Amino acid sequence: MIVADVEQLEFDFAFGCPSIEAEYYREGAQDLIRRLVPADLLEEGGIHLAAKRARFADLLPQISWSELNKAPCTLSVLLLCKYRLNACNFFCDMVSRWLIPHGRVNVELFFASDVRLPHLSEDLLSVAEIVIHLKSVAEVEEAKRNMSAIETEIRLGVVSHYHARRILEFKGLSLDGKTAMIQEKITSLIQSHSKDFDAGIFSQMQQFLVTCPEEFKSIRDYHHISRIISNLHSLRKLLKQSRDAAPSKRFVFVKFLKTHLKQKSEEKPVLGILVGLNFLSEHELFETNHLIQAIQKFLPFSLLVERSAFSDRISDASQQTIYLEVEKGNGVDFSLDEVQQLRTLLPDQIKSHVERLTRPIFMPRNDEEVLRGIMALSRQLRYIHDTPQVILSFDEQKGEELLFTVTDLRLIGEGESSIQQLCAARRTSLKYIADRIRKVGMVRRKTKEATVFRTAVPTASFLRPDRSVDLYKARSYILGEVTRVLGEVRDYNGGMIFKQVEQVNALKSALGEKLGESHCLLLEKFFYALMPMEMRTSLDIDALKQFFQLLLQSMKKPGWLFKQDSKRVMSVLGHPDLTVRKRISEKLEALHVPSHELVSFFLEIGDSSYIGYLLMTEEKGLQEEFMRLLTVC
């Protein structure tokens, strides 16, 4: 049988680099074809041309292995297949990295070229050879064991881009290979969804891939990383469009991406969360810790996956995107109900966790007020068994601490311990920073002793969801510690504060744990917006509960909302302008309702505002006139 010279057959070899002599590469490609294609298919004449073409098509992809000799030796693997983008790269990667999975082999030669054999196929073909060096008997034996499986995977991968991706994903892509597949995926998105994605996604992809650490990319499949990049791009476009349409409104968009992280031979389920929001002022802040706190309001067991968070405040500082992943401590996947709960409730919770930065206030302490306080407390101690008196005053926020001044006045006998000694003996967490001690009088044989000291507590312990400081809570903590040290004391300047805190807690309990906790910040804003302020401590809890629930309804439904019973009528209006508020105020003054029968509030929540009125009267006519007046305004 005579083998035809390939040059005498129809053979097209296009080499596009004019600065390099192409004849050498042409001969290399011809040599590989001679070694791969059966000789009778290369002969002129013989069987019918159509039969040759059919037989050739059945051969593809064609893979040939050289014989394995005793170590050390070289192994040559040949490939001929229909052209597919990156098919030869896949072939090289499979042989060089996965024929010996637990070691690194030396690639002595890799040659690949695109050719045409018009007499056998109309398709563009790829031909390639890789030669690797096997240095030990163990490598030769392992190569023999893996050759069959690797050949099967190569046949699948060079034919199908999908199978190539899945095979490499299963085996674990190299980081360079994974980056290339991400770029290819993003390119296909632009081609198939040109209206949703534009060329700007490439710069965002580059920024993301450069920013995220190699560890992040190594344990996540390329498909998931591509989803993160494409969804970040969509969120940013949606935010910009929404902000341009309504610049004064807050927008929050949330997207959830469930996936599995692959670490060694284990996989763990995680929930990826993408958040996009805009800022209404340059002094607002929203970071990863804010988002985690918002998530844990509903899923307290969820934990941040280490090194999974990425935050990007857009260059004009008016909007921001955040990506992070959370997991359950027990390794269980998040249920559909849990994801749906976050999808429904998380956007509003995020709005309440946006932090507003404020400038520190310089206000030196007024010592005259301290002296007046000492004199006022001295007048309260007139009998031997009178309770010690305490004034708590906030001084300043310094660094990460809140500083208060404590003024205590008590009756002490000879030899009794000082407050500083009592603090040390009781091992309280209360810091004692000495200021002054004065004797201001006598009651029988006991001395009226005034002790003024400063104390500091950590700011972080008293932060609200929006990162503002809850001074009432900090004050209550200090009062509790003072009581633990001194025993029962009278909070001289905190009676109204204590009563209001007590009323807020009672209102939270009446609303129930779920509603009270999920709207904790809003509830406090509502309560401390009630006017006249003395009504905050005297209003019936049931009336407060109904009033707050009406506010929640108003946040979902525009226009006036009313609720009426035999004892009261209440109303709430969302988004009132200044003119409406002024007109309502004038009309209500004309009714001449006593101040203890009419309670109102005005609230600004993000980009929205609300007003509410509560009329407490059993006069049916006055109730009807009240509702009519508000409706016409």
# chains A, B, ... in the order shown; residues from 1 in each chain; ligands from 1
$ residues_around --residues "Glu369 in chain A" --least-positions-apart "2" --cutoff "12 Å" --atoms "only C-alpha atoms" --output "number ranges by chain"
A: 364-367, 371-376, 391-393, 405, 407
$ write_last_selection --atoms "N, CA, C and O atoms" --output "short mmCIF file (atom, residue, chain, number, x, y, z; two decimals), in the first residue's frame"
data_model
loop_
_atom_site.label_atom_id
_atom_site.label_comp_id
_atom_site.auth_asym_id
_atom_site.auth_seq_id
_atom_site.Cartn_x
_atom_site.Cartn_y
_atom_site.Cartn_z
N PRO A 364 -17.53 72.14 76.44
CA PRO A 364 -16.92 71.93 77.76
C PRO A 364 -17.99 71.86 78.86
O PRO A 364 -19.03 72.52 78.79
N ARG A 365 -17.72 71.02 79.85
CA ARG A 365 -18.68 70.84 80.94
C ARG A 365 -18.82 72.14 81.74
O ARG A 365 -17.85 72.84 82.01
N ASN A 366 -20.05 72.42 82.10
CA ASN A 366 -20.36 73.62 82.87
C ASN A 366 -20.32 73.27 84.36
O ASN A 366 -21.22 72.62 84.89
N ASP A 367 -19.24 73.68 85.04
CA ASP A 367 -19.10 73.36 86.47
C ASP A 367 -20.17 74.02 87.32
O ASP A 367 -20.50 73.55 88.42
N LEU A 371 -22.35 72.32 90.46
CA LEU A 371 -22.56 72.89 91.80
C LEU A 371 -24.04 73.06 92.11
O LEU A 371 -24.49 72.79 93.23
N ARG A 372 -24.82 73.49 91.10
CA ARG A 372 -26.26 73.63 91.32
C ARG A 372 -26.88 72.26 91.59
O ARG A 372 -27.80 72.12 92.41
N GLY A 373 -26.37 71.24 90.91
CA GLY A 373 -26.87 69.89 91.14
C GLY A 373 -26.59 69.42 92.55
O GLY A 373 -27.45 68.79 93.19
N ILE A 374 -25.39 69.72 93.05
CA ILE A 374 -25.04 69.32 94.42
C ILE A 374 -25.98 69.99 95.42
O ILE A 374 -26.47 69.35 96.36
N MET A 375 -26.25 71.27 95.22
CA MET A 375 -27.14 71.99 96.14
C MET A 375 -28.56 71.44 96.08
O MET A 375 -29.23 71.31 97.10
N ALA A 376 -29.02 71.10 94.87
CA ALA A 376 -30.37 70.56 94.73
C ALA A 376 -30.48 69.21 95.42
O ALA A 376 -31.48 68.91 96.11
N ILE A 391 -27.45 62.26 90.22
CA ILE A 391 -27.69 62.95 88.94
C ILE A 391 -26.71 62.39 87.92
O ILE A 391 -25.49 62.35 88.16
N LEU A 392 -27.24 61.94 86.79
CA LEU A 392 -26.40 61.43 85.70
C LEU A 392 -26.47 62.41 84.54
O LEU A 392 -27.56 62.75 84.06
N SER A 393 -25.30 62.86 84.06
CA SER A 393 -25.25 63.84 82.97
C SER A 393 -24.27 63.36 81.90
O SER A 393 -23.14 62.97 82.22
N THR A 405 -20.94 62.26 83.67
CA THR A 405 -20.62 62.74 85.01
C THR A 405 -21.69 62.23 85.97
O THR A 405 -22.89 62.36 85.71
N THR A 407 -23.07 62.57 89.78
CA THR A 407 -23.07 63.36 91.01
C THR A 407 -23.90 62.62 92.04
O THR A 407 -25.10 62.41 91.84
#
$ residues_around --residues "range 274-279 of chain A" --least-positions-apart "4" --cutoff "9 Å" --atoms "only C-alpha atoms" --output "count of residues only"
36
$ residues_around --residues "Val107 in chain A" --least-positions-apart "4" --cutoff "8 Å" --atoms "only C-alpha atoms" --output "list in words"
Ser96, Ile130, Val131, Ile132 and His133 of chain A
$ select_by_dssp --residues "range 285-356 of chain A" --states "strand (DSSP E or B)" --output "list of chain:residue names"
A:Leu285, A:Ser302, A:Leu303, A:Leu304, A:Phe310, A:Ser311, A:Asp312, A:Arg313, A:Gln319, A:Gln320, A:Thr321, A:Ile322, A:Tyr323, A:Leu324, A:Glu325, A:Val326, A:Glu327, A:Lys328, A:Glu355, A:Arg356
$ residues_around --residues "Tyr477 in chain A" --least-positions-apart "2" --cutoff "12 Å" --atoms "only C-alpha atoms" --output "PyMOL selection string"
chain A and resi 392+402+404+428-430+455-458+461-462+470-475+479-484+498
$ closest_residue --among "A:Met181, A:Leu511, A:Leu36, A:Val599" --to "Cys81 in chain A" --atoms "only C-alpha atoms"
A:Leu36
$ select_by_dssp --residues "range 374-552 of chain A" --states "helix (DSSP H, G or I)" --output "number ranges by chain"
A: 374-380, 419-426, 459-462, 471-486, 495-511, 513-518, 520-528, 533-536, 541-552
$ closest_residue --among "A:Leu629, A:Ile186, A:Leu422, A:Val390" --to "Ala590 in chain A" --atoms "only C-alpha atoms"
A:Leu629
$ residues_around --residues "range 545-556 of chain A" --least-positions-apart "6" --cutoff "7 Å" --atoms "only C-alpha atoms" --output "ChimeraX atom specification"
/A:507,510-511,570,572-574
$ closest_atom_pairs --of "range 256-359 of chain A" --to "range 202-207 of chain A" --cutoff "12 Å" --atoms "only C-alpha atoms" --output "JSON lines"
{"residue": "A:Phe310", "atom": "CA", "partner": "A:Gln207", "partner_atom": "CA", "distance": 11.1}
{"residue": "A:Ser311", "atom": "CA", "partner": "A:Gln207", "partner_atom": "CA", "distance": 11.8}
{"residue": "A:Asp312", "atom": "CA", "partner": "A:Gln207", "partner_atom": "CA", "distance": 10.0}
{"residue": "A:Ile314", "atom": "CA", "partner": "A:Gln204", "partner_atom": "CA", "distance": 11.0}
{"residue": "A:Thr321", "atom": "CA", "partner": "A:Gln204", "partner_atom": "CA", "distance": 11.8}
$ residues_around --residues "Ile167 in chain A" --least-positions-apart "3" --cutoff "12 Å" --atoms "only C-alpha atoms" --output "list in words"
Phe90, Phe91, Asp93, Met94, Trp98, Ala149, Ile150, Thr152, Glu153, Ile154, Arg155, Leu156, Gly157, Val158, Ser160, His161, Tyr162, His163, Ala164, Phe170, Lys171, Gly172, Leu173 and Asp221 of chain A
$ atom_distance --atom1 "CA of Glu214 in chain A" --atom2 "CA of Ser226 in chain A"
15.3 Å
$ closest_residue --among "A:Tyr432, A:Thr211, A:Pro360, A:Lys258" --to "Gly399 in chain A" --atoms "only C-alpha atoms"
A:Pro360
$ atom_distance --atom1 "CA of Val406 in chain A" --atom2 "CA of Val452 in chain A"
5.7 Å
$ residues_around --residues "Thr447 in chain A" --least-positions-apart "5" --cutoff "9 Å" --atoms "only C-alpha atoms" --output "list in words"
Arg410, Leu411, Ile412, Gly413, Glu414, Lys439, Val440, Gly441 and Met442 of chain A
$ atom_distance --atom1 "CA of Ile295 in chain A" --atom2 "CA of Leu345 in chain A"
9.4 Å
$ closest_residue --among "A:Arg436, A:Arg313, A:His260, A:His596" --to "Glu282 in chain A" --atoms "only C-alpha atoms"
A:Arg313
$ closest_residue --among "A:Leu303, A:Ala143, A:Val489, A:Met363" --to "Asp386 in chain A" --atoms "only C-alpha atoms"
A:Val489
